[in-house]
Structures are given as C-alpha cells and as structure tokens.
$ cat target-v4.cif   # mmCIF, C-alpha atoms
data_upload
#
loop_
_atom_site.label_atom_id
_atom_site.label_comp_id
_atom_site.auth_asym_id
_atom_site.auth_seq_id
_atom_site.Cartn_x
_atom_site.Cartn_y
_atom_site.Cartn_z
CA MET A 10 95.72 78.87 161.09
CA LYS A 11 92.75 81.18 160.83
CA ARG A 12 94.77 83.97 162.43
CA TRP A 13 97.50 83.65 159.77
CA ILE A 14 94.90 83.79 157.02
CA LEU A 15 93.45 86.99 158.48
CA ARG A 16 96.92 88.51 158.83
CA GLY A 17 97.77 87.58 155.25
CA ALA A 18 94.54 89.11 154.00
CA ALA A 19 95.22 92.29 155.96
CA VAL A 20 98.73 92.57 154.53
CA ALA A 21 97.36 92.07 151.00
CA VAL A 22 94.78 94.81 151.55
CA VAL A 23 97.43 97.20 152.91
CA LEU A 24 99.75 96.47 149.99
CA GLY A 25 96.90 96.92 147.51
CA VAL A 26 95.79 100.22 148.98
CA GLY A 27 99.40 101.38 149.24
CA GLY A 28 100.07 100.45 145.62
CA PHE A 29 96.97 102.32 144.50
CA LEU A 30 97.98 105.42 146.45
CA VAL A 31 101.47 105.34 144.94
CA ALA A 32 100.03 105.00 141.45
CA ALA A 33 97.45 107.70 142.08
CA SER A 34 100.14 110.09 143.29
CA GLY A 35 101.76 110.05 139.87
CA ILE A 36 105.28 109.72 141.25
CA ILE A 37 106.03 106.52 139.27
CA PRO A 38 108.14 107.64 136.27
CA LEU A 39 106.82 106.47 132.91
CA LYS A 40 109.36 108.40 130.86
CA ALA A 41 110.75 106.54 127.89
CA SER A 42 113.97 108.47 128.46
CA SER A 43 114.46 106.93 131.91
CA GLY A 44 114.72 103.32 130.80
CA HIS A 45 114.00 100.28 132.99
CA TRP A 46 115.78 98.90 136.00
CA PRO A 47 117.73 95.76 135.01
CA ILE A 48 115.43 93.51 137.07
CA THR A 49 112.37 95.10 135.46
CA GLU A 50 113.86 94.63 132.00
CA TRP A 51 114.63 90.97 132.71
CA ILE A 52 111.12 90.24 134.04
CA LEU A 53 109.44 91.92 131.07
CA GLN A 54 111.63 90.16 128.48
CA PHE A 55 111.29 86.78 130.18
CA SER A 56 107.51 87.12 130.42
CA MET A 57 107.28 88.16 126.78
CA ARG A 58 109.35 85.21 125.56
CA ARG A 59 107.36 82.71 127.60
CA SER A 60 104.02 84.17 126.46
CA ILE A 61 105.01 83.97 122.79
CA ALA A 62 106.27 80.41 123.19
CA THR A 63 103.08 79.26 124.94
CA HIS A 64 100.56 80.95 122.65
CA SER A 65 102.29 79.86 119.44
CA LEU A 66 102.27 76.15 120.29
CA GLY A 67 99.18 75.31 118.23
CA VAL A 68 100.17 77.26 115.11
CA GLU A 69 100.38 75.16 111.93
CA VAL A 70 103.08 76.31 109.52
CA PRO A 71 102.23 76.23 105.78
CA LYS A 72 104.79 76.03 102.98
CA LEU A 73 106.83 79.22 103.03
CA ASP A 74 109.30 78.63 100.19
CA ASP A 75 107.22 80.39 97.52
CA PRO A 76 109.28 83.34 96.17
CA GLY A 77 106.00 85.19 95.60
CA LEU A 78 105.20 85.08 99.31
CA VAL A 79 108.62 86.52 100.12
CA LEU A 80 108.13 89.30 97.57
CA LYS A 81 104.68 90.08 99.01
CA GLY A 82 106.10 90.32 102.53
CA ALA A 83 109.02 92.46 101.38
CA GLY A 84 106.75 95.14 99.95
CA HIS A 85 104.86 95.45 103.21
CA TYR A 86 108.00 95.40 105.34
CA GLU A 87 109.28 98.46 103.49
CA ILE A 88 106.04 100.33 104.15
CA GLY A 89 105.07 99.09 107.59
CA CYS A 90 108.19 97.86 109.39
CA ARG A 91 111.34 99.59 108.16
CA SER A 92 110.49 102.86 109.94
CA CYS A 93 110.99 101.12 113.30
CA HIS A 94 113.27 98.15 112.63
CA GLY A 95 115.45 99.51 109.85
CA ALA A 96 116.61 97.48 106.85
CA PRO A 97 119.78 95.70 105.71
CA GLY A 98 122.62 98.18 105.37
CA GLU A 99 120.66 101.02 107.01
CA TRP A 100 120.82 102.32 110.56
CA GLN A 101 117.71 101.91 112.63
CA PRO A 102 115.78 105.21 112.48
CA ARG A 103 116.80 107.59 115.28
CA ILE A 104 113.23 108.16 116.51
CA ALA A 105 112.62 104.42 116.88
CA ARG A 106 115.79 104.07 118.98
CA ALA A 107 114.28 106.53 121.49
CA MET A 108 111.24 104.30 122.14
CA LEU A 109 110.94 102.21 125.29
CA PRO A 110 111.49 99.42 124.69
CA PRO A 111 113.37 100.25 121.48
CA PRO A 112 112.35 98.09 118.52
CA PRO A 113 114.93 95.31 118.39
CA GLU A 114 117.38 94.54 115.62
CA LEU A 115 115.51 91.77 113.86
CA VAL A 116 118.23 89.54 112.46
CA PRO A 117 119.35 88.08 115.83
CA ARG A 118 115.72 87.74 116.95
CA ILE A 119 114.75 85.93 113.76
CA ARG A 120 117.66 83.52 114.02
CA ALA A 121 116.72 82.72 117.62
CA SER A 122 113.03 82.26 116.79
CA ASN A 123 110.93 79.97 114.58
CA PRO A 124 108.04 80.46 112.11
CA LYS A 125 105.36 79.76 114.72
CA ARG A 126 106.60 82.46 117.08
CA LEU A 127 107.18 84.94 114.28
CA PHE A 128 103.61 84.36 113.10
CA HIS A 129 102.21 84.98 116.59
CA VAL A 130 104.11 88.27 117.00
CA VAL A 131 103.31 89.59 113.51
CA LYS A 132 99.62 88.70 113.79
CA HIS A 133 98.91 89.76 117.37
CA GLY A 134 101.58 92.36 118.12
CA LEU A 135 102.98 92.96 121.61
CA LYS A 136 101.42 95.00 124.40
CA PHE A 137 103.35 97.96 125.82
CA THR A 138 105.97 97.87 123.04
CA GLY A 139 104.52 99.82 120.12
CA MET A 140 104.41 96.61 118.03
CA PRO A 141 100.90 96.68 116.46
CA ALA A 142 98.67 93.73 115.68
CA TRP A 143 98.09 92.89 112.01
CA PRO A 144 95.42 95.34 110.80
CA ALA A 145 93.26 92.58 109.27
CA GLN A 146 93.05 89.65 111.68
CA GLN A 147 91.15 87.62 109.06
CA ARG A 148 94.18 87.45 106.72
CA ASP A 149 96.54 84.80 108.04
CA ASP A 150 97.79 84.35 104.46
CA GLU A 151 99.25 87.86 104.55
CA VAL A 152 100.83 87.27 107.95
CA TRP A 153 102.53 84.15 106.57
CA ALA A 154 103.85 86.22 103.66
CA MET A 155 105.52 88.49 106.21
CA VAL A 156 106.94 85.48 108.04
CA ALA A 157 108.29 84.09 104.74
CA PHE A 158 110.08 87.39 104.13
CA LEU A 159 111.42 87.63 107.69
CA LEU A 160 112.98 84.18 107.36
CA GLU A 161 114.88 85.47 104.30
CA LEU A 162 115.85 88.81 105.88
CA PRO A 163 119.02 87.61 107.69
CA GLU A 164 120.53 86.57 104.36
CA LEU A 165 119.91 89.89 102.57
CA ASP A 166 122.43 92.67 102.08
CA GLN A 167 121.40 96.20 101.19
CA ALA A 168 121.45 95.65 97.43
CA ALA A 169 119.46 92.41 97.61
CA TYR A 170 116.88 94.02 99.93
CA ARG A 171 116.37 97.03 97.69
CA LYS A 172 116.04 94.84 94.60
CA MET A 173 113.46 92.68 96.36
CA VAL A 174 111.44 95.72 97.45
CA HIS A 175 111.81 98.00 94.44
CA GLY A 176 112.84 95.74 91.59
CA ASP A 177 115.79 96.51 89.35
CA PRO A 178 117.04 100.05 89.98
CA VAL A 179 115.89 102.20 87.08
CA ALA A 180 115.91 105.96 87.53
CA THR A 181 115.74 107.79 84.22
CA ALA A 182 115.94 105.25 81.40
CA PRO A 183 112.72 104.17 79.63
CA ILE A 184 111.09 101.25 81.43
CA GLN A 185 108.50 98.61 80.67
CA THR A 186 105.28 100.33 81.67
CA LEU A 187 101.80 100.97 80.43
CA ASP A 188 103.34 103.79 78.40
CA PRO A 189 106.47 102.34 76.71
CA THR A 190 108.03 105.82 76.37
CA ALA A 191 107.59 106.74 80.04
CA THR A 192 110.29 106.79 82.68
CA ARG A 193 109.85 105.98 86.32
CA ALA A 194 110.10 109.67 87.14
CA GLN A 195 107.10 110.31 84.87
CA LEU A 196 104.80 107.87 86.65
CA PRO A 197 102.11 109.19 89.02
CA ALA A 198 103.72 109.73 92.42
CA VAL A 199 101.40 107.29 94.20
CA VAL A 200 102.28 104.54 91.69
CA ASN A 201 106.01 105.28 91.87
CA GLU A 202 106.18 105.46 95.66
CA THR A 203 103.83 102.65 96.67
CA CYS A 204 102.08 100.54 94.05
CA ILE A 205 105.03 99.32 91.99
CA ARG A 206 106.49 97.43 94.95
CA CYS A 207 103.87 94.75 94.42
CA HIS A 208 102.04 95.47 91.17
CA GLY A 209 104.97 96.67 89.07
CA THR A 210 104.89 99.56 86.64
CA ASP A 211 102.93 97.53 84.09
CA GLY A 212 100.29 96.14 86.47
CA LEU A 213 101.37 92.54 85.92
CA GLY A 214 102.60 91.91 89.44
CA ARG A 215 106.39 91.81 88.99
CA GLY A 216 106.23 88.30 87.58
CA SER A 217 104.70 86.77 90.72
CA THR A 218 101.43 84.84 90.84
CA VAL A 219 100.47 86.15 94.29
CA PHE A 220 99.59 89.62 92.99
CA PRO A 221 96.48 90.40 90.92
CA LYS A 222 96.75 91.63 87.35
CA LEU A 223 95.75 95.30 87.30
CA ALA A 224 96.64 96.16 83.72
CA GLY A 225 93.44 96.73 81.76
CA GLN A 226 91.23 96.08 84.78
CA ARG A 227 87.93 97.95 84.97
CA ARG A 228 88.46 101.36 86.51
CA ASP A 229 85.20 101.29 88.50
CA TYR A 230 86.21 97.99 90.06
CA MET A 231 89.64 99.27 91.12
CA GLN A 232 88.16 102.44 92.57
CA LYS A 233 85.54 100.55 94.57
CA ALA A 234 88.15 98.05 95.76
CA LEU A 235 90.37 100.85 97.07
CA GLU A 236 87.40 102.51 98.77
CA ALA A 237 86.48 99.18 100.39
CA TYR A 238 90.06 98.72 101.62
CA ALA A 239 90.16 102.26 103.00
CA SER A 240 86.93 101.76 104.96
CA GLY A 241 87.95 98.30 106.22
CA ARG A 242 85.07 96.59 104.39
CA ARG A 243 87.60 94.60 102.35
CA HIS A 244 90.14 92.94 104.58
CA SER A 245 93.87 93.23 104.00
CA GLY A 246 96.57 94.21 106.45
CA ILE A 247 98.68 95.25 103.47
CA MET A 248 96.17 97.24 101.43
CA GLU A 249 94.02 98.81 104.17
CA PRO A 250 96.72 101.18 105.52
CA ILE A 251 97.77 102.17 102.00
CA ALA A 252 94.25 102.81 100.72
CA ALA A 253 93.32 104.78 103.84
CA GLY A 254 96.02 107.32 102.96
CA LEU A 255 94.93 107.89 99.37
CA THR A 256 93.17 111.05 98.30
CA ASP A 257 90.53 111.08 95.58
CA THR A 258 93.14 112.52 93.20
CA MET A 259 95.60 109.74 93.98
CA ILE A 260 92.95 107.09 93.38
CA ARG A 261 92.08 108.62 90.01
CA GLU A 262 95.75 108.72 89.02
CA LEU A 263 96.50 105.09 89.83
CA VAL A 264 93.18 103.84 88.40
CA ASP A 265 93.85 105.73 85.14
CA HIS A 266 97.41 104.39 85.05
CA TYR A 267 96.63 100.73 85.63
CA GLY A 268 93.33 100.80 83.73
CA LYS A 269 95.24 100.95 80.45
CA PRO A 270 96.17 97.60 78.85
CA SER A 271 99.81 96.61 79.25
CA PRO A 272 101.95 96.44 76.09
CA THR A 273 102.75 92.81 76.93
CA ASN A 274 99.06 92.23 77.79
CA VAL A 275 99.50 88.67 79.09
CA ARG A 276 101.26 87.65 82.27
CA SER A 277 102.97 84.28 82.35
CA ALA A 278 101.83 81.44 84.58
CA ASP A 279 104.01 79.99 87.33
CA PRO A 280 106.93 78.35 85.47
CA LEU A 281 107.47 75.87 88.32
CA ARG A 282 103.90 74.57 88.19
CA PRO A 283 103.08 71.73 85.77
CA PRO A 284 100.63 72.83 83.05
CA PRO A 285 97.02 71.86 83.79
CA ASP A 286 95.65 68.80 82.00
CA ALA A 287 92.87 69.07 79.45
CA SER A 288 90.19 67.67 81.76
CA THR A 289 90.95 70.30 84.41
CA LEU A 290 90.73 73.12 81.88
CA GLU A 291 87.50 71.69 80.47
CA LEU A 292 85.96 71.59 83.95
CA GLY A 293 87.06 75.19 84.44
CA ARG A 294 85.60 76.21 81.07
CA THR A 295 82.29 74.57 82.00
CA ILE A 296 82.09 76.41 85.31
CA ALA A 297 83.08 79.70 83.68
CA HIS A 298 80.68 79.56 80.72
CA GLU A 299 77.84 77.26 81.80
CA GLY A 300 77.95 77.10 85.58
CA LEU A 301 77.00 74.03 87.62
CA ARG A 302 73.23 73.88 87.85
CA ALA A 303 73.17 71.00 90.35
CA GLN A 304 75.28 73.09 92.76
CA ARG A 305 73.43 76.33 91.98
CA ILE A 306 76.60 77.93 90.62
CA PRO A 307 76.00 80.49 87.84
CA ALA A 308 78.31 80.93 84.88
CA CYS A 309 81.18 83.22 85.88
CA VAL A 310 81.26 85.11 82.59
CA GLU A 311 77.69 86.35 83.08
CA CYS A 312 79.13 88.82 85.58
CA HIS A 313 82.88 88.79 84.89
CA GLY A 314 82.96 88.47 81.10
CA LEU A 315 83.20 91.34 78.66
CA ALA A 316 79.77 90.46 77.22
CA GLY A 317 78.05 89.09 80.31
CA ARG A 318 74.35 89.81 80.68
CA ARG A 319 74.65 90.68 84.38
CA THR A 320 78.02 92.39 84.24
CA LYS A 321 78.62 95.83 85.77
CA PRO A 322 81.60 98.20 85.53
CA ALA A 323 82.26 97.48 89.22
CA TYR A 324 82.71 93.73 88.60
CA PRO A 325 86.33 92.66 87.99
CA LEU A 326 87.54 91.08 84.77
CA LEU A 327 89.09 87.67 85.45
CA ALA A 328 90.84 86.79 82.17
CA GLY A 329 94.58 86.48 82.67
CA GLN A 330 94.42 86.68 86.46
CA PRO A 331 96.88 84.29 88.17
CA ALA A 332 95.23 81.08 89.35
CA ASP A 333 96.84 81.27 92.80
CA TYR A 334 95.36 84.71 93.39
CA LEU A 335 91.89 83.66 92.20
CA VAL A 336 91.88 80.53 94.37
CA LEU A 337 92.85 82.63 97.40
CA GLN A 338 89.97 85.05 96.76
CA LEU A 339 87.48 82.17 96.46
CA GLU A 340 88.76 80.63 99.69
CA LEU A 341 88.45 83.97 101.49
CA PHE A 342 84.90 84.40 100.20
CA LYS A 343 84.09 80.85 101.31
CA ARG A 344 85.34 81.55 104.85
CA GLY A 345 83.66 84.97 104.99
CA GLN A 346 87.05 86.67 105.42
CA ARG A 347 87.39 88.76 102.28
CA GLY A 348 84.77 91.50 102.40
CA GLY A 349 84.66 94.06 99.60
CA SER A 350 82.34 96.52 97.92
CA GLU A 351 78.56 96.42 98.03
CA TYR A 352 78.65 93.51 95.56
CA ALA A 353 80.89 91.21 97.62
CA HIS A 354 77.92 89.41 99.17
CA LEU A 355 77.14 87.86 95.78
CA MET A 356 80.37 85.83 95.85
CA GLU A 357 79.84 84.90 99.49
CA GLN A 358 76.84 82.90 98.28
CA VAL A 359 78.68 81.23 95.38
CA ALA A 360 82.14 80.36 96.71
CA PRO A 361 81.00 77.99 99.51
CA ARG A 362 79.34 75.76 96.88
CA LEU A 363 82.61 75.16 95.01
CA SER A 364 84.92 72.30 95.97
CA PRO A 365 88.68 72.96 96.17
CA GLU A 366 89.14 71.06 92.90
CA GLN A 367 86.49 73.17 91.17
CA MET A 368 88.05 76.39 92.49
CA ARG A 369 91.43 75.38 91.11
CA ALA A 370 89.98 74.32 87.75
CA VAL A 371 88.07 77.53 87.07
CA ALA A 372 91.03 79.61 88.29
CA LEU A 373 93.40 77.81 85.93
CA TYR A 374 90.95 78.31 83.07
CA PHE A 375 90.76 82.08 83.60
CA GLU A 376 94.54 82.26 84.00
CA SER A 377 94.90 80.67 80.55
CA LEU A 378 92.84 83.40 78.86
CA PRO A 379 94.36 86.55 77.40
CA ASP A 380 92.56 89.88 77.69
CA GLY A 381 89.33 89.60 75.75
CA GLY A 382 89.48 85.81 75.90
CA GLN A 383 86.24 85.59 77.84
CA GLN A 384 84.37 87.43 75.12
CA ALA A 385 85.99 85.49 72.28
CA ALA A 386 85.22 82.13 73.89
CA ARG A 387 81.51 82.83 74.22
#
$ encode --input "target-v4.cif" --output "structure tokens"
Amino acid sequence: MKRWILRGAAVAVVLGVGGFLVAASGIIPLKASSGHWPITEWILQFSMRRSIATHSLGVEVPKLDDPGLVLKGAGHYEIGCRSCHGAPGEWQPRIARAMLPPPPELVPRIRASNPKRLFHVVKHGLKFTGMPAWPAQQRDDEVWAMVAFLLELPELDQAAYRKMVHGDPVATAPIQTLDPTATRAQLPAVVNETCIRCHGTDGLGRGSTVFPKLAGQRRDYMQKALEAYASGRRHSGIMEPIAAGLTDTMIRELVDHYGKPSPTNVRSADPLRPPPDASTLELGRTIAHEGLRAQRIPACVECHGLAGRRTKPAYPLLAGQPADYLVLQLELFKRGQRGGSEYAHLMEQVAPRLSPEQMRAVALYFESLPDGGQQAAR
C-alpha cells in the first residue's frame, strides 16, 4: 500500500513539473482566433453553469414588476451591455463576436435561466469571459433593476427597445424640456447622448419614481455628486462609469441645463400607489420641520430647505423628490452603502436612527411639496 502511495506521489510530481514546463515554454496557444477544442468548451460551459447554480442558491428575489426598475435597467443596458450583447433587431457587434468566448445571444440564455442566476452573473461577472462584475458591489438594488430589464428583454422588438431606452423618437420638433423652444438637437451633447435615458430632457425622470428630480436642483450639489461618482466615493454601478468619463466642460453643461426649473415644475407621484393618509403626512411634516428630539434627529429643512439655517449650496433640495428614491437613499445611508461628497457622513449619522415607517413618512411629505414648498411651509 505504501509503495502505491509513493508511486502515485511521484507520478503527481512528474505531471506537475511537466505541466509547469509546458506552460513555461509558451507553446500553449491562447489565441482568441483559435477557439477551444469541443471537450474544452464543454468542460468550461458545464463548470460555469454549475458554479452559477450553486452560488445563486441563497439569493432572495425582490419584487421585479415595477416598470421604473425596468426603465432603470434599460438605460444602463444601452450604455454598458449593448456593445457586447447587441440589442433587439440589431446584429451583435462584430468586435464582440471575435472574443473568446464570444458574448452569448441573451434571449435564449435568459429564457433558460431564472432571476437568481441572472442576479449572480450581473453582480459578480464571470472569470475568463470578459463579463465584468458590477462596478459598485454595494448596490444590489441596481443589479436587480438590470435583472428586471433582462426578464423583459425577450419580449421586446427593436421599436419597443428603442422607446424604452430613448423615449418617444423626437428628432427636430420642439420637445418638452427646460427650454420649451429647444429641440433635442439643441441640447448639450452630454445630456442628449447619456442623461436623458434616465432623467429625461426636463430633469423629471421620464415619469418614473426611481429617478431623482434634477430640474431646479442646486448646481453645487449636482457637481459634487458627479465628482463623487467619478471618484468612486458615491456608489453606483450605473453612474460611476458615466461620471468618470465626463470632462469639466461636460459637467458644467449638464449642471447648467438641469439646474434650471422645469416648465412643469412638479413631477407626479406614482399613480398606482394609494395616496398617503393624513397621519403619515403629518409625521413626515414633523420630522421635516421639527425633527425628533428623542431620537436625536434634526429637522430636515435646516439643511435641505431653501431657508435652512445650516443649509449649504452643496446640500440637495428635497421638495418634489419621489418618495421611492428618497427612501432608497436613506436605506443606503443606514447600511453605509451610499457614500457621497464630503458631507455624506452627516446623513450616515442620521439615517440609522429612523425607522422604516419614519423614512417612508418623511419621504412622502417631501414628495408632496412643489419647488419652494419647504420655504413656504416654514
């Protein structure tokens, strides 16, 4: 028995040394143009499928039927995914088809998968394939937005996809924008090519409650937010890559564009959500204007109101912001997953002291206010 163990060990050593010498010689082809042997391809694909299935077992799937989530994922797919995987009605880009392995056609993969596995792949990426991990590992909510869109992708034709990504096709006619006489061609290039996919031309978020209201927002706040995204201090797998590619001129252009009040001024609340009751709004008003002394929560308007005593140009205005977006930001602050400018640490001290019910109440209160409502209510 001992002799067989020694022989086995010797064979393992010989094979190991031989394998190292072969690798060190450089004769193993790693050319993408050469492809894989069929057996190699099968082993790699089988191992990948089994790894995804095993590591996605404990994933809990949230509700994914929110149209806003789908819209949020669509905007990022166009920027981050289409260049490799193509889009409905469009051929997969020629360069991507020359990769090894080539990025797969997604529709059959999506239909053969499930939300848990899609989440695992989008969040963590895949080694040796060119599929990157999500740039901000703290933002599972963004990953789920991508999953929500992917589940809709098999049902989209080219026209439906382009409408979801770009909105209604308008090329030269006057459009609803911060300047009512402007056309899409007259918008700043960075707004036209990137921002409107989520924030719209008017800064009201294309009618969805998952996007923040930018119209009339403080310019200093928007600039510092973009700088924080670009440096990775504010976490977002969607915004970080975009902000990192902006020049100082581009930032000034989009901040000047969205810093003007929208002609419509007020964005509508979610039409599918029941209106908040009076007691909820009163709790929200109390938190916003008086704070909760017993919980050491200061009044929100002291920093975020137009006439707050501690307000700064770099603090965001909250009036008219969608409640869903505000609740998400508070939750991210509470979990230490949001980051931000040099002032973000202030909210990291406040948000953990709020209960989920209090977060929702104050968010609904601010959503109910038009621009200037914080100042008028004081």
$ closest_residue --input "target-v4.cif" --among "A:Ala145, A:Ala62, A:Met108, A:Leu335" --to "A:Ser245" --atoms "all atoms listed in the file"
A:Ala145
$ atom_distance --input "target-v4.cif" --atom1 "atom CA of A:Gly82" --atom2 "atom CA of A:Phe158"
5.2 Å
$ resolve_selection --input "target-v4.cif" --expression "the PyMOL selection byres ((chain A and resi 201-206) around 9)" --output "count of residues only"
28
$ resolve_selection --input "target-v4.cif" --expression "the PyMOL selection byres ((chain A and resi 149-155) around 6)" --output "short mmCIF file (atom, residue, chain, number, x, y, z; two decimals) with C-alpha atoms, in the coordinates of the input"
data_model
loop_
_atom_site.label_atom_id
_atom_site.label_comp_id
_atom_site.auth_asym_id
_atom_site.auth_seq_id
_atom_site.Cartn_x
_atom_site.Cartn_y
_atom_site.Cartn_z
CA LEU A 78 105.20 85.08 99.31
CA VAL A 79 108.62 86.52 100.12
CA GLY A 82 106.10 90.32 102.53
CA ARG A 148 94.18 87.45 106.72
CA VAL A 156 106.94 85.48 108.04
CA ALA A 157 108.29 84.09 104.74
CA PHE A 158 110.08 87.39 104.13
#
$ resolve_selection --input "target-v4.cif" --expression "the PyMOL selection byres ((chain A and resi 265) around 12)" --output "short mmCIF file (atom, residue, chain, number, x, y, z; two decimals) with C-alpha atoms, in the frame of the given file"
data_model
loop_
_atom_site.label_atom_id
_atom_site.label_comp_id
_atom_site.auth_asym_id
_atom_site.auth_seq_id
_atom_site.Cartn_x
_atom_site.Cartn_y
_atom_site.Cartn_z
CA LEU A 187 101.80 100.97 80.43
CA ASP A 188 103.34 103.79 78.40
CA LEU A 196 104.80 107.87 86.65
CA PRO A 197 102.11 109.19 89.02
CA VAL A 199 101.40 107.29 94.20
CA VAL A 200 102.28 104.54 91.69
CA GLY A 212 100.29 96.14 86.47
CA LEU A 223 95.75 95.30 87.30
CA ALA A 224 96.64 96.16 83.72
CA GLY A 225 93.44 96.73 81.76
CA GLN A 226 91.23 96.08 84.78
CA ARG A 227 87.93 97.95 84.97
CA ARG A 228 88.46 101.36 86.51
CA ASP A 229 85.20 101.29 88.50
CA TYR A 230 86.21 97.99 90.06
CA MET A 231 89.64 99.27 91.12
CA GLN A 232 88.16 102.44 92.57
CA THR A 258 93.14 112.52 93.20
CA MET A 259 95.60 109.74 93.98
CA ILE A 260 92.95 107.09 93.38
CA ARG A 261 92.08 108.62 90.01
CA GLU A 262 95.75 108.72 89.02
CA LEU A 263 96.50 105.09 89.83
CA VAL A 264 93.18 103.84 88.40
CA HIS A 266 97.41 104.39 85.05
CA TYR A 267 96.63 100.73 85.63
CA GLY A 268 93.33 100.80 83.73
CA LYS A 269 95.24 100.95 80.45
CA PRO A 270 96.17 97.60 78.85
#
$ atom_distance --input "target-v4.cif" --atom1 "atom CA of A:Ala360" --atom2 "atom CA of A:Val70"
24.9 Å
$ atom_distance --input "target-v4.cif" --atom1 "atom CA of A:Ile37" --atom2 "atom CA of A:Thr49"
13.6 Å
$ residues_near_point --input "target-v4.cif" --point "(88.8, 96.4, 100.9)" --cutoff "9 Å" --atoms "only C-alpha atoms" --output "mmCIF file with C-alpha atoms, in the frame of the given file"
data_model
loop_
_atom_site.group_PDB
_atom_site.id
_atom_site.type_symbol
_atom_site.label_atom_id
_atom_site.label_comp_id
_atom_site.auth_asym_id
_atom_site.auth_seq_id
_atom_site.Cartn_x
_atom_site.Cartn_y
_atom_site.Cartn_z
ATOM 1 C CA LYS A 233 85.540 100.550 94.570
ATOM 2 C CA ALA A 234 88.150 98.050 95.760
ATOM 3 C CA LEU A 235 90.370 100.850 97.070
ATOM 4 C CA GLU A 236 87.400 102.510 98.770
ATOM 5 C CA ALA A 237 86.480 99.180 100.390
ATOM 6 C CA TYR A 238 90.060 98.720 101.620
ATOM 7 C CA ALA A 239 90.160 102.260 103.000
ATOM 8 C CA SER A 240 86.930 101.760 104.960
ATOM 9 C CA GLY A 241 87.950 98.300 106.220
ATOM 10 C CA ARG A 242 85.070 96.590 104.390
ATOM 11 C CA ARG A 243 87.600 94.600 102.350
ATOM 12 C CA HIS A 244 90.140 92.940 104.580
ATOM 13 C CA SER A 245 93.870 93.230 104.000
ATOM 14 C CA MET A 248 96.170 97.240 101.430
ATOM 15 C CA GLU A 249 94.020 98.810 104.170
ATOM 16 C CA ALA A 252 94.250 102.810 100.720
ATOM 17 C CA ARG A 347 87.390 88.760 102.280
ATOM 18 C CA GLY A 348 84.770 91.500 102.400
ATOM 19 C CA GLY A 349 84.660 94.060 99.600
ATOM 20 C CA SER A 350 82.340 96.520 97.920
#
$ residues_near_point --input "target-v4.cif" --point "(97.2, 73.7, 86.9)" --cutoff "10 Å" --atoms "only C-alpha atoms" --output "ChimeraX atom specification"
/A:278-279,282-287,289-290,332-333,369-374,376-377
$ closest_residue --input "target-v4.cif" --among "A:Leu341, A:Lys125, A:Glu299, A:Pro307" --to "A:Gly67" --atoms "all atoms listed in the file"
A:Lys125
$ closest_residue --input "target-v4.cif" --among "A:Pro331, A:Arg58, A:Trp46, A:Pro38" --to "A:Leu213" --atoms "all atoms listed in the file"
A:Pro331
$ closest_residue --input "target-v4.cif" --among "A:His64, A:Phe375, A:Glu164, A:Leu109" --to "A:Thr138" --atoms "all atoms listed in the file"
A:Leu109
$ closest_residue --input "target-v4.cif" --among "A:Glu291, A:Pro221, A:Lys343, A:Ser56" --to "A:Pro325" --atoms "all atoms listed in the file"
A:Pro221
